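Colleague: Got a structure for you, target38.tsv, holding TSV, C-alpha atoms.
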```tsv
chain	number	residue	atom	x	y	z
A	864	MET	CA	75.24	72.65	128.93
A	865	ALA	CA	77.59	70.54	131.07
A	866	LEU	CA	78.12	71.79	134.60
A	867	LYS	CA	81.57	72.95	135.71
A	868	PHE	CA	82.72	71.74	139.10
A	869	GLN	CA	85.13	73.56	141.37
A	870	ARG	CA	84.86	71.39	144.49
A	871	LEU	CA	83.40	68.09	143.33
A	872	LYS	CA	86.46	66.87	141.43
A	873	ARG	CA	87.88	63.36	141.31
A	874	THR	CA	91.07	64.21	143.23
A	875	ALA	CA	89.12	65.90	146.01
A	876	MET	CA	86.69	62.98	146.16
A	877	ARG	CA	89.53	60.48	146.52
A	878	ASN	CA	91.14	62.51	149.33
A	879	LEU	CA	88.02	62.55	151.52
A	880	ALA	CA	88.11	60.75	154.84
A	881	ALA	CA	85.36	58.31	155.82
A	882	GLY	CA	82.16	60.21	156.61
A	883	GLU	CA	83.21	63.42	154.83
A	884	SER	CA	81.16	64.86	151.96
A	885	LEU	CA	81.41	67.25	149.03
A	886	ASN	CA	78.39	69.17	147.70
A	887	GLU	CA	78.05	71.12	144.47
A	888	HIS	CA	75.22	71.91	142.04
A	889	GLY	CA	72.81	69.79	144.11
A	890	ILE	CA	75.05	66.71	143.95
A	891	CYS	CA	76.45	65.21	147.14
A	892	TYR	CA	79.32	62.72	147.31
A	893	THR	CA	79.98	60.98	150.65
A	894	LYS	CA	83.00	58.76	151.40
A	895	LEU	CA	81.98	55.53	153.14
A	896	PRO	CA	84.04	53.62	155.75
A	897	ASN	CA	84.96	50.90	153.21
A	898	ASN	CA	86.47	53.58	150.92
A	899	ASP	CA	83.49	53.37	148.58
A	900	GLY	CA	81.56	56.52	147.66
A	901	ASN	CA	77.84	57.27	147.73
A	902	PHE	CA	76.03	59.75	145.45
A	903	SER	CA	72.81	61.60	146.25
A	904	ILE	CA	71.03	64.73	145.02
A	905	ASN	CA	69.33	67.56	146.92
A	906	ILE	CA	67.64	70.14	144.70
A	907	MET	CA	64.63	72.47	144.48
A	908	VAL	CA	62.21	71.82	141.61
A	909	ASP	CA	59.11	74.01	141.24
A	910	GLY	CA	59.30	75.04	144.87
A	911	LYS	CA	59.63	71.49	146.15
A	912	ARG	CA	62.79	70.01	147.62
A	913	ILE	CA	63.84	66.67	146.19
A	914	HIS	CA	66.36	64.59	148.09
A	915	ARG	CA	67.20	61.27	146.49
A	916	ALA	CA	69.90	58.65	147.09
A	917	LEU	CA	71.35	57.44	143.77
A	918	GLY	CA	73.72	54.67	144.87
A	919	LYS	CA	77.30	53.69	145.40
A	920	GLU	CA	80.26	54.36	143.16
A	921	SER	CA	81.06	50.63	143.23
A	922	ASN	CA	77.69	49.99	141.57
A	923	GLY	CA	78.64	52.21	138.66
A	924	VAL	CA	76.97	55.48	139.74
A	925	THR	CA	78.88	58.55	138.46
A	926	ILE	CA	78.71	62.33	138.62
A	927	GLN	CA	77.41	62.35	135.05
A	928	GLN	CA	74.52	60.09	135.99
A	929	ALA	CA	73.70	62.39	138.92
A	930	GLN	CA	73.59	65.33	136.49
A	931	ASP	CA	71.33	63.32	134.17
A	932	VAL	CA	68.89	62.60	137.01
A	933	ILE	CA	68.69	66.30	137.86
A	934	THR	CA	68.16	67.19	134.20
A	935	THR	CA	65.38	64.58	133.91
A	936	LEU	CA	63.60	65.86	137.03
A	937	ARG	CA	63.64	69.44	135.80
A	938	THR	CA	62.52	68.41	132.32
A	939	GLN	CA	59.60	66.49	133.79
A	940	ALA	CA	58.68	69.57	135.84
A	941	ARG	CA	58.60	71.72	132.71
A	942	GLU	CA	56.44	69.15	130.95
A	943	ARG	CA	53.97	69.11	133.86
A	944	ARG	CA	53.68	72.90	133.62
A	945	LEU	CA	52.41	72.51	130.05
A	946	LYS	CA	49.16	71.18	131.58
A	947	LEU	CA	48.38	68.99	128.62
A	948	PRO	CA	44.91	67.39	128.45
A	949	LYS	CA	44.62	64.09	130.27
A	950	GLY	CA	45.80	61.18	128.18
A	951	LYS	CA	47.70	63.32	125.67
A	952	LYS	CA	51.35	62.39	125.49
A	953	ILE	CA	54.22	64.74	124.79
A	954	PHE	CA	55.63	64.37	121.27
A	955	MET	CA	58.80	62.32	121.29
A	956	GLY	CA	60.75	61.18	118.25
A	957	PHE	CA	62.60	57.88	118.18
A	958	SER	CA	66.08	59.48	118.37
A	959	ASP	CA	65.24	61.48	121.50
A	960	ALA	CA	63.42	58.53	123.03
A	961	ALA	CA	66.40	56.23	122.39
A	962	LYS	CA	68.77	58.68	124.07
A	963	SER	CA	66.50	59.08	127.10
A	964	TYR	CA	65.96	55.31	127.23
A	965	LEU	CA	69.69	54.64	127.55
A	966	GLU	CA	70.13	57.41	130.13
A	967	ARG	CA	67.37	55.97	132.29
A	968	LEU	CA	68.75	52.45	131.97
A	969	TYR	CA	72.05	53.71	133.38
A	970	GLN	CA	70.16	55.34	136.26
A	971	GLU	CA	68.27	52.11	136.95
A	972	ASN	CA	71.34	49.85	136.54
A	973	GLY	CA	69.71	48.06	133.61
A	974	LYS	CA	71.10	44.91	132.00
A	975	ASP	CA	73.29	44.70	128.88
A	976	ILE	CA	73.27	48.47	128.40
A	977	GLU	CA	76.38	48.62	126.22
A	978	ALA	CA	74.97	45.99	123.84
A	979	LYS	CA	71.65	47.86	123.66
A	980	LYS	CA	73.51	51.10	122.99
A	981	ARG	CA	75.42	49.57	120.05
A	982	GLN	CA	72.26	48.11	118.51
A	983	ILE	CA	70.46	51.44	118.80
A	984	GLU	CA	73.28	53.63	117.50
A	985	LEU	CA	74.38	51.34	114.67
A	986	HIS	CA	71.01	50.09	113.40
A	987	LEU	CA	67.75	51.19	115.01
A	988	GLU	CA	68.29	54.96	115.24
A	989	PRO	CA	69.69	55.38	111.68
A	990	PHE	CA	66.56	53.66	110.36
A	991	PHE	CA	63.74	55.16	112.46
A	992	LYS	CA	65.44	58.56	112.97
A	993	ASP	CA	62.99	61.17	114.34
A	994	CYS	CA	59.82	59.23	113.56
A	995	PRO	CA	57.32	59.81	116.42
A	996	LEU	CA	57.10	56.87	118.79
A	997	THR	CA	53.33	56.66	118.28
A	998	ASP	CA	53.70	56.47	114.48
A	999	ILE	CA	55.90	53.37	114.21
A	1000	GLN	CA	53.63	50.56	113.01
A	1001	THR	CA	54.03	46.83	112.32
A	1002	ALA	CA	54.68	47.58	108.65
A	1003	ASP	CA	57.61	49.81	109.64
A	1004	VAL	CA	59.11	47.02	111.76
A	1005	GLU	CA	58.78	44.64	108.81
A	1006	ARG	CA	60.52	47.20	106.57
A	1007	TYR	CA	63.31	47.37	109.14
A	1008	LYS	CA	63.73	43.59	109.04
A	1009	ALA	CA	63.87	43.61	105.23
A	1010	HIS	CA	66.35	46.51	105.30
A	1011	ARG	CA	68.68	44.65	107.67
A	1012	LEU	CA	68.53	41.45	105.61
A	1013	ALA	CA	69.35	43.43	102.48
A	1014	THR	CA	72.61	44.65	104.02
A	1015	GLY	CA	74.12	41.25	103.29
A	1016	ASN	CA	76.04	39.10	105.75
A	1017	ILE	CA	73.75	39.38	108.77
A	1018	LYS	CA	72.35	36.56	110.87
A	1019	LYS	CA	68.64	36.44	111.66
A	1020	ALA	CA	69.56	35.91	115.29
A	1021	SER	CA	71.33	39.29	115.30
A	1022	ILE	CA	68.26	41.03	113.88
A	1023	ASN	CA	66.14	39.32	116.54
A	1024	ARG	CA	68.38	40.83	119.24
A	1025	GLU	CA	67.82	44.27	117.71
A	1026	LEU	CA	64.05	43.73	117.63
A	1027	ALA	CA	64.20	42.73	121.29
A	1028	VAL	CA	65.81	46.09	122.10
A	1029	LEU	CA	63.14	47.93	120.12
A	1030	SER	CA	60.40	46.06	121.98
A	1031	HIS	CA	62.04	46.70	125.36
A	1032	LEU	CA	62.32	50.42	124.61
A	1033	TYR	CA	58.55	50.59	124.11
A	1034	THR	CA	57.88	48.52	127.23
A	1035	LYS	CA	59.86	51.04	129.26
A	1036	ALA	CA	58.28	53.95	127.37
A	1037	ILE	CA	54.86	52.75	128.56
A	1038	ASP	CA	56.15	52.46	132.13
A	1039	TRP	CA	57.57	56.00	131.96
A	1040	GLY	CA	54.42	57.49	130.46
A	1041	TRP	CA	55.84	58.39	127.05
A	1042	VAL	CA	53.23	56.34	125.15
A	1043	ASP	CA	50.01	54.56	126.06
A	1044	ASN	CA	50.75	51.32	124.23
A	1045	LYS	CA	53.02	49.54	121.79
A	1046	PRO	CA	51.62	50.45	118.33
A	1047	PHE	CA	53.19	47.48	116.54
A	1048	ARG	CA	53.66	43.74	116.79
A	1049	VAL	CA	57.16	42.26	116.68
A	1050	LYS	CA	57.41	39.02	114.74
A	1051	LYS	CA	60.89	37.62	115.16
A	1052	PHE	CA	62.64	35.39	112.65
A	1053	GLN	CA	62.63	31.66	113.17
A	1054	GLU	CA	66.22	30.95	114.04
A	1055	GLU	CA	67.90	27.87	112.68
A	1056	PRO	CA	69.66	25.68	115.26
A	1057	THR	CA	73.33	26.60	115.30
A	1058	ARG	CA	76.25	24.25	115.82
A	1059	LEU	CA	77.76	24.81	119.25
A	1060	VAL	CA	81.50	25.23	118.81
A	1061	TYR	CA	83.67	24.09	121.70
A	1062	LEU	CA	87.39	23.60	122.22
A	1063	SER	CA	89.19	20.30	122.64
A	1064	GLN	CA	91.65	19.87	125.49
A	1065	GLU	CA	94.54	20.46	123.08
A	1066	GLN	CA	92.93	23.64	121.76
A	1067	ILE	CA	92.31	24.87	125.30
A	1068	LEU	CA	96.01	24.52	126.09
A	1069	LYS	CA	97.00	26.44	122.94
A	1070	LEU	CA	94.51	29.20	123.70
A	1071	LEU	CA	95.76	29.65	127.26
A	1072	GLU	CA	99.39	29.70	126.15
A	1073	ALA	CA	98.57	32.42	123.61
A	1074	ALA	CA	96.58	34.38	126.21
A	1075	LYS	CA	99.44	34.24	128.71
A	1076	ALA	CA	101.84	35.62	126.07
A	1077	ASP	CA	99.47	38.39	124.90
A	1078	SER	CA	100.04	42.08	125.67
A	1079	CYS	CA	96.58	42.53	127.22
A	1080	PRO	CA	96.92	42.10	131.01
A	1081	ASP	CA	93.30	40.95	131.38
A	1082	ILE	CA	92.91	38.37	128.64
A	1083	TYR	CA	94.49	35.36	130.38
A	1084	LEU	CA	92.39	35.85	133.51
A	1085	PHE	CA	89.28	36.29	131.35
A	1086	CYS	CA	89.97	33.02	129.53
A	1087	ILE	CA	90.66	30.89	132.59
A	1088	ILE	CA	87.53	32.19	134.34
A	1089	GLY	CA	85.39	31.45	131.29
A	1090	LEU	CA	86.79	27.95	130.90
A	1091	ALA	CA	86.62	27.13	134.62
A	1092	THR	CA	83.12	28.46	135.31
A	1093	SER	CA	81.06	28.72	132.08
A	1094	MET	CA	80.21	32.32	133.07
A	1095	ARG	CA	78.93	34.70	130.41
A	1096	LEU	CA	81.00	37.61	129.05
A	1097	SER	CA	79.14	40.33	130.97
A	1098	GLU	CA	79.18	38.25	134.17
A	1099	ILE	CA	82.95	37.84	134.03
A	1100	LEU	CA	83.79	41.46	133.24
A	1101	SER	CA	81.51	42.79	136.02
A	1102	ILE	CA	82.98	40.68	138.84
A	1103	ARG	CA	83.58	42.73	141.99
A	1104	LEU	CA	86.43	41.72	144.28
A	1105	GLU	CA	84.10	41.64	147.26
A	1106	ASP	CA	81.97	39.01	145.50
A	1107	ILE	CA	84.80	36.47	145.25
A	1108	ASN	CA	84.86	33.84	148.01
A	1109	ILE	CA	88.16	31.98	147.77
A	1110	GLU	CA	87.64	29.69	150.77
A	1111	GLN	CA	84.21	28.40	149.72
A	1112	ARG	CA	85.15	28.57	146.02
A	1113	TRP	CA	82.35	30.64	144.49
A	1114	ILE	CA	81.75	34.00	142.83
A	1115	TYR	CA	78.52	35.86	143.56
A	1116	ILE	CA	76.72	37.09	140.42
A	1117	PRO	CA	74.06	39.64	141.45
A	1118	ARG	CA	72.64	40.28	137.97
A	1119	ALA	CA	72.62	36.97	136.10
A	1120	LYS	CA	70.00	36.20	133.42
A	1121	ALA	CA	68.20	33.64	135.55
A	1122	GLY	CA	68.58	35.68	138.74
A	1123	ALA	CA	71.34	36.18	141.29
A	1124	ARG	CA	73.44	33.07	141.95
A	1125	GLN	CA	76.63	31.80	143.53
A	1126	GLN	CA	78.87	30.58	140.71
A	1127	PRO	CA	81.03	27.56	141.70
A	1128	ILE	CA	84.70	27.75	140.67
A	1129	THR	CA	87.40	25.09	140.35
A	1130	PRO	CA	90.15	24.63	142.96
A	1131	ASP	CA	92.81	25.73	140.45
A	1132	LEU	CA	90.93	28.94	139.66
A	1133	ALA	CA	90.46	29.64	143.38
A	1134	ASP	CA	94.21	29.25	143.94
A	1135	TYR	CA	95.01	31.48	140.98
A	1136	LEU	CA	92.59	34.19	142.12
A	1137	ALA	CA	93.99	34.06	145.66
A	1138	GLY	CA	97.47	34.86	144.37
A	1139	TYR	CA	96.19	37.38	141.83
A	1140	LEU	CA	94.20	39.38	144.38
A	1141	LYS	CA	97.22	39.74	146.65
A	1142	THR	CA	98.82	41.93	143.98
A	1143	LYS	CA	95.85	44.34	143.77
A	1144	PRO	CA	95.35	47.51	145.85
A	1145	LEU	CA	92.81	47.33	148.67
A	1146	GLN	CA	90.69	50.12	147.18
A	1147	GLN	CA	90.18	48.29	143.86
A	1148	ILE	CA	86.50	47.51	143.28
A	1149	TRP	CA	86.32	45.53	140.03
A	1150	LEU	CA	88.31	42.49	138.93
A	1151	PHE	CA	88.54	44.07	135.46
A	1152	PRO	CA	88.62	47.83	136.17
A	1153	SER	CA	88.47	50.41	133.38
A	1154	LYS	CA	88.79	54.19	133.34
A	1155	HIS	CA	87.05	54.37	129.98
A	1156	SER	CA	83.58	53.03	130.84
A	1157	GLN	CA	80.73	54.58	132.79
A	1158	SER	CA	80.36	51.43	134.85
A	1159	GLY	CA	83.95	51.52	136.10
A	1160	HIS	CA	84.77	48.07	134.71
A	1161	ARG	CA	85.57	46.67	131.26
A	1162	VAL	CA	82.55	45.99	129.11
A	1163	GLU	CA	84.35	44.47	126.12
A	1164	ILE	CA	87.44	42.39	125.41
A	1165	LYS	CA	86.75	41.39	121.80
A	1166	LYS	CA	89.92	42.69	120.10
A	1167	SER	CA	92.27	41.01	122.57
A	1168	PHE	CA	90.34	37.74	122.40
A	1169	ARG	CA	90.42	37.66	118.57
A	1170	ARG	CA	94.16	38.30	118.66
A	1171	VAL	CA	94.69	35.42	121.10
A	1172	VAL	CA	92.50	33.07	119.05
A	1173	LYS	CA	94.57	33.80	115.93
A	1174	ALA	CA	97.82	33.31	117.85
A	1175	ALA	CA	96.54	29.90	118.99
A	1176	GLY	CA	95.99	28.89	115.37
A	1177	LEU	CA	92.20	28.89	115.69
A	1178	ASP	CA	89.52	30.52	113.53
A	1179	PRO	CA	88.23	33.80	115.10
A	1180	LYS	CA	85.04	33.48	113.05
A	1181	GLU	CA	84.19	30.25	114.85
A	1182	VAL	CA	85.89	30.70	118.22
A	1183	VAL	CA	84.29	33.71	119.90
A	1184	ARG	CA	84.15	34.82	123.53
A	1185	HIS	CA	80.99	32.78	124.17
A	1186	THR	CA	82.88	29.68	123.00
A	1187	LEU	CA	84.53	29.55	126.43
A	1188	ARG	CA	81.09	29.05	127.99
A	1189	HIS	CA	80.15	26.39	125.43
A	1190	THR	CA	83.45	24.63	126.09
A	1191	ALA	CA	83.06	24.48	129.86
A	1192	ILE	CA	79.47	23.18	129.67
A	1193	THR	CA	80.25	20.62	126.96
A	1194	HIS	CA	83.18	19.17	128.90
A	1195	LEU	CA	81.03	18.94	132.04
A	1196	VAL	CA	78.45	16.90	130.11
A	1197	GLN	CA	81.08	14.73	128.47
A	1198	ALA	CA	82.63	14.06	131.88
A	1199	GLY	CA	79.35	12.42	132.89
A	1200	ILE	CA	78.06	15.17	135.20
A	1201	ASP	CA	74.28	14.93	135.54
A	1202	LEU	CA	72.35	17.65	133.70
A	1203	PRO	CA	70.68	19.23	136.79
A	1204	THR	CA	74.15	19.79	138.25
A	1205	VAL	CA	75.36	21.21	134.95
A	1206	GLN	CA	72.38	23.58	134.96
A	1207	ARG	CA	73.27	24.68	138.50
A	1208	ILE	CA	76.82	25.50	137.35
A	1209	SER	CA	75.92	27.12	134.01
A	1210	GLY	CA	73.03	29.22	135.31
A	1211	HIS	CA	70.69	28.28	132.46
A	1212	LYS	CA	67.01	29.10	132.99
A	1213	THR	CA	65.70	25.79	131.69
A	1214	MET	CA	66.90	22.21	131.43
A	1215	GLN	CA	66.13	22.23	127.70
A	1216	MET	CA	68.93	24.76	127.17
A	1217	VAL	CA	71.36	22.33	128.79
A	1218	VAL	CA	70.16	19.24	126.95
A	1219	ARG	CA	71.48	20.48	123.60
A	1220	TYR	CA	75.04	20.16	124.94
A	1221	SER	CA	74.59	16.41	125.33
A	1222	HIS	CA	74.68	16.05	121.54
A	1223	GLN	CA	78.10	17.65	121.04
A	1224	ASN	CA	80.03	14.42	121.17
A	1225	GLY	CA	78.81	10.83	121.15
A	1226	ASP	CA	81.71	9.33	123.12
A	1227	HIS	CA	80.16	9.86	126.54
A	1228	ILE	CA	76.84	8.48	125.30
A	1229	ARG	CA	78.53	5.36	123.93
A	1230	MET	CA	80.33	4.94	127.26
A	1231	ALA	CA	76.98	5.17	129.04
A	1232	MET	CA	75.52	2.46	126.81
A	1233	ASP	CA	78.59	0.26	127.35
A	1234	THR	CA	78.08	0.65	131.10
A	1235	LEU	CA	74.42	-0.34	130.75
A	1236	GLN	CA	75.40	-3.41	128.77
A	1237	GLN	CA	77.95	-4.46	131.39
A	1238	ARG	CA	75.31	-4.18	134.13
A	1239	TYR	CA	72.96	-6.39	132.15
A	1240	LYS	CA	75.70	-8.96	131.52
A	1241	ALA	CA	76.34	-9.20	135.24
A	1242	THR	CA	72.75	-10.29	135.80
A	1243	GLN	CA	72.69	-12.95	133.09
A	1244	PRO	CA	73.14	-16.60	134.20
A	1245	LYS	CA	76.40	-18.20	133.24
A	1246	GLN	CA	76.08	-20.67	130.40
A	1247	THR	CA	77.30	-24.19	131.10
A	1248	ALA	CA	79.05	-26.33	128.54
```
Show this structure as structure tokens.

Modeller:
Amino acid sequence: MALKFQRLKRTAMRNLAAGESLNEHGICYTKLPNNDGNFSINIMVDGKRIHRALGKESNGVTIQQAQDVITTLRTQARERRLKLPKGKKIFMGFSDAAKSYLERLYQENGKDIEAKKRQIELHLEPFFKDCPLTDIQTADVERYKAHRLATGNIKKASINRELAVLSHLYTKAIDWGWVDNKPFRVKKFQEEPTRLVYLSQEQILKLLEAAKADSCPDIYLFCIIGLATSMRLSEILSIRLEDINIEQRWIYIPRAKAGARQQPITPDLADYLAGYLKTKPLQQIWLFPSKHSQSGHRVEIKKSFRRVVKAAGLDPKEVVRHTLRHTAITHLVQAGIDLPTVQRISGHKTMQMVVRYSHQNGDHIRMAMDTLQQRYKATQPKQTA
């Protein structure tokens, strides 16, 4: 049952002065000098006091997550009191495990949680239901793959993403002591190379004009950041104001796929952000704040982006949010920027992932060969009549 708070309410939390705290039901909220808030818990479990710092509000920690941690600790205590034989795991069905998996990911600030949640709730949980974790075998995973293909218009790449979530759930389940091992083998589909769609300069202009005229206050900023940096969707939406360096022209990304990095930005984007930030309150944490997500920032902008794409006269089936990233990288390559530099800007893990962008348009390759020819001509002796 959800706890009812009398003192630890949002209004009271906001009105705290720096250094002041509120405590209720074992949860402590402390206001920091920079107007951020810090959550911790202090509870008794089986006669032992547990005091644990959970993290800052700016990092997405909430009262609900603090309650979940307390619930988990007390549940684990009850399980220990069962005194099960060594090596015997507590029965856990897939549905319960999936719910606990997502809760723990929130506590640990895991990556791509919203995407994992959608894949579990829409596909994995309806199929595996309450099947015990230890009973799911390779044959069951193959049945799942066949079931998803039978639903019709589904890409193999999408199913592979779902299988990756299933595999990750079991990896964490082993770490958390729910199971001893992964009882199945995941064989992903061989994905066919896909055509990388990118926007021409004319299409970019139309898209930005449509974004500027759209009713969503965030969509224009989202588009210009994507086009000027090649940042991924989740990286853009989780930008914190304190991680933007206007003078040195970079944005710090603490949780990128290839590790934390400083993302270079263009002079025009730096100028735009400088003016944009002047209009925002000092206490704002996120560049794209949201009252409707647990993280405190927007996690999706799909509907607005599709609307803008249509308004620009483009095909929303081809031009998706990731197209902004493809566009920025492709234009860097076509401008003659060397691939190691492109990799530094795009944040790709390997050079091979960057190389595929060099095949998007042959004009820059032809220009390179023309340049080579001119250099050779300059070294050839002049013919005499």

Colleague: Could you check the closest approach to Pro1117 in chain A for each of A:Lys894, A:Arg1024, A:Lys974, A:His888 and tell me which residue wins, using only C-alpha atoms?

Modeller: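 Residue with the minimum atom-to-atom distance to Pro1117 in chain A: A:Lys974.
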
Colleague: To one decimal place in Å, what is the distance between CA of Ala1002 in chain A and CA of Ser1030 in chain A?

Modeller: 14.6 Å

Colleague: Got a sec: who's within 7 Å of range 1106-1113 of chain A, counting all atoms listed in the file, leaving out chain neighbours fewer than 6 positions off, as a ChimeraX atom specification?

Modeller: /A:1125-1128,1133,1137

Colleague: Which residues are near range 1038-1052 of chain A? Cut-off 8 Å, all atoms listed in the file, ignore same chain within fewer than 3 positions. Put them as an MDAnalysis selection string.

Modeller: chainID A and resid 952:953 955 996:1001 1004 1019:1020 1023 1026 1030 1033:1035

Colleague: Work out how far apart CA of Gln1236 in chain A and CA of Val1205 in chain A are and give it in Å to one decimal.

Modeller: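 Atom-to-atom, CA of Gln1236 in chain A and CA of Val1205 in chain A are spaced 25.4 Å apart.
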
Colleague: Counting all atoms listed in the file, which residues in range 1112-1197 of chain A sit no more than 9 Å from range 1074-1077 of chain A? For each one, give the nearest pair of atoms and the distance in Å, sorted by chain then residue number, as CSV.

Modeller:
```
residue,atom,partner,partner_atom,distance
A:Ser1167,CA,A:Asp1077,CA,8.0
A:Phe1168,CA,A:Ala1074,CA,8.0
A:Arg1170,CA,A:Asp1077,CA,8.2
A:Val1171,CA,A:Ala1074,CA,5.5
A:Val1172,CA,A:Ala1074,CA,8.3
A:Ala1174,CA,A:Ala1074,CA,8.5
A:Ala1175,CA,A:Ala1074,CA,8.5
```

Colleague: When you draw a straight line from CA of Arg1118 in chain A to CA of Glu977 in chain A, how long is it in Å?

Modeller: 14.9 Å

Colleague: May I ask which of the residues A:Glu1065, A:Lys979, A:Gln1147, A:Pro989 is the closest one to Glu1025 in chain A, counting all atoms listed in the file?

Modeller: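 Of the candidates, the smallest distance to Glu1025 in chain A is held by A:Lys979.
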
Colleague: So, with all atoms listed in the file as the atoms that count, which of A:Thr874, A:His986, A:Asp1081, A:Ser1093 lies closest to Ile1114 in chain A?

Modeller: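 Answer, going by the shortest atom-to-atom distance: A:Ser1093.
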
Colleague: With only C-alpha atoms as the basis for distance, which of A:Met1232, A:Gln1053, A:Gly973, A:Tyr1220 is at the shortest distance from Ala1119 in chain A?

Modeller: A:Gly973

Colleague: In terms of the shortest atom-to-atom distance over only C-alpha atoms, which of A:Val1060, A:Met1230, A:Val1028, A:Met1216 is closest to Gly1199 in chain A?

Modeller: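 That would be A:Met1230, the residue with the smallest distance to Gly1199 in chain A.
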
Colleague: What would range 870-883 of chain A look like with N, CA and C atoms restored, written as a PDB file, in the coordinates of the input?

Modeller:
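Writing done, so here's result08.pdb:
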```pdb
ATOM      1  N   ARG A 870      84.570  72.177 143.297  1.00  0.00           N
ATOM      2  CA  ARG A 870      84.860  71.390 144.490  1.00  0.00           C
ATOM      3  C   ARG A 870      84.728  69.894 144.260  1.00  0.00           C
ATOM      4  N   LEU A 871      83.706  69.506 143.510  1.00  0.00           N
ATOM      5  CA  LEU A 871      83.400  68.090 143.330  1.00  0.00           C
ATOM      6  C   LEU A 871      84.237  67.517 142.175  1.00  0.00           C
ATOM      7  N   LYS A 872      85.537  67.407 142.423  1.00  0.00           N
ATOM      8  CA  LYS A 872      86.460  66.870 141.430  1.00  0.00           C
ATOM      9  C   LYS A 872      87.004  65.530 141.926  1.00  0.00           C
ATOM     10  N   ARG A 873      87.469  64.722 140.983  1.00  0.00           N
ATOM     11  CA  ARG A 873      87.880  63.360 141.310  1.00  0.00           C
ATOM     12  C   ARG A 873      88.983  63.330 142.377  1.00  0.00           C
ATOM     13  N   THR A 874      89.970  64.211 142.249  1.00  0.00           N
ATOM     14  CA  THR A 874      91.070  64.210 143.230  1.00  0.00           C
ATOM     15  C   THR A 874      90.549  64.520 144.619  1.00  0.00           C
ATOM     16  N   ALA A 875      89.677  65.529 144.702  1.00  0.00           N
ATOM     17  CA  ALA A 875      89.120  65.900 146.010  1.00  0.00           C
ATOM     18  C   ALA A 875      88.257  64.781 146.578  1.00  0.00           C
ATOM     19  N   MET A 876      87.534  64.094 145.713  1.00  0.00           N
ATOM     20  CA  MET A 876      86.690  62.980 146.160  1.00  0.00           C
ATOM     21  C   MET A 876      87.542  61.845 146.734  1.00  0.00           C
ATOM     22  N   ARG A 877      88.655  61.572 146.070  1.00  0.00           N
ATOM     23  CA  ARG A 877      89.530  60.480 146.520  1.00  0.00           C
ATOM     24  C   ARG A 877      90.201  60.810 147.851  1.00  0.00           C
ATOM     25  N   ASN A 878      90.428  62.098 148.123  1.00  0.00           N
ATOM     26  CA  ASN A 878      91.140  62.510 149.330  1.00  0.00           C
ATOM     27  C   ASN A 878      90.237  62.652 150.555  1.00  0.00           C
ATOM     28  N   LEU A 879      88.939  62.435 150.392  1.00  0.00           N
ATOM     29  CA  LEU A 879      88.020  62.550 151.520  1.00  0.00           C
ATOM     30  C   LEU A 879      88.262  61.434 152.541  1.00  0.00           C
ATOM     31  N   ALA A 880      88.078  61.768 153.791  1.00  0.00           N
ATOM     32  CA  ALA A 880      88.110  60.750 154.840  1.00  0.00           C
ATOM     33  C   ALA A 880      86.723  60.142 154.992  1.00  0.00           C
ATOM     34  N   ALA A 881      86.643  58.977 155.631  1.00  0.00           N
ATOM     35  CA  ALA A 881      85.360  58.310 155.820  1.00  0.00           C
ATOM     36  C   ALA A 881      84.389  59.219 156.565  1.00  0.00           C
ATOM     37  N   GLY A 882      83.185  59.366 156.014  1.00  0.00           N
ATOM     38  CA  GLY A 882      82.160  60.210 156.610  1.00  0.00           C
ATOM     39  C   GLY A 882      82.133  61.632 156.083  1.00  0.00           C
ATOM     40  N   GLU A 883      83.172  62.062 155.382  1.00  0.00           N
ATOM     41  CA  GLU A 883      83.210  63.420 154.830  1.00  0.00           C
ATOM     42  C   GLU A 883      82.453  63.476 153.506  1.00  0.00           C
TER      43      GLU A 883
END
```
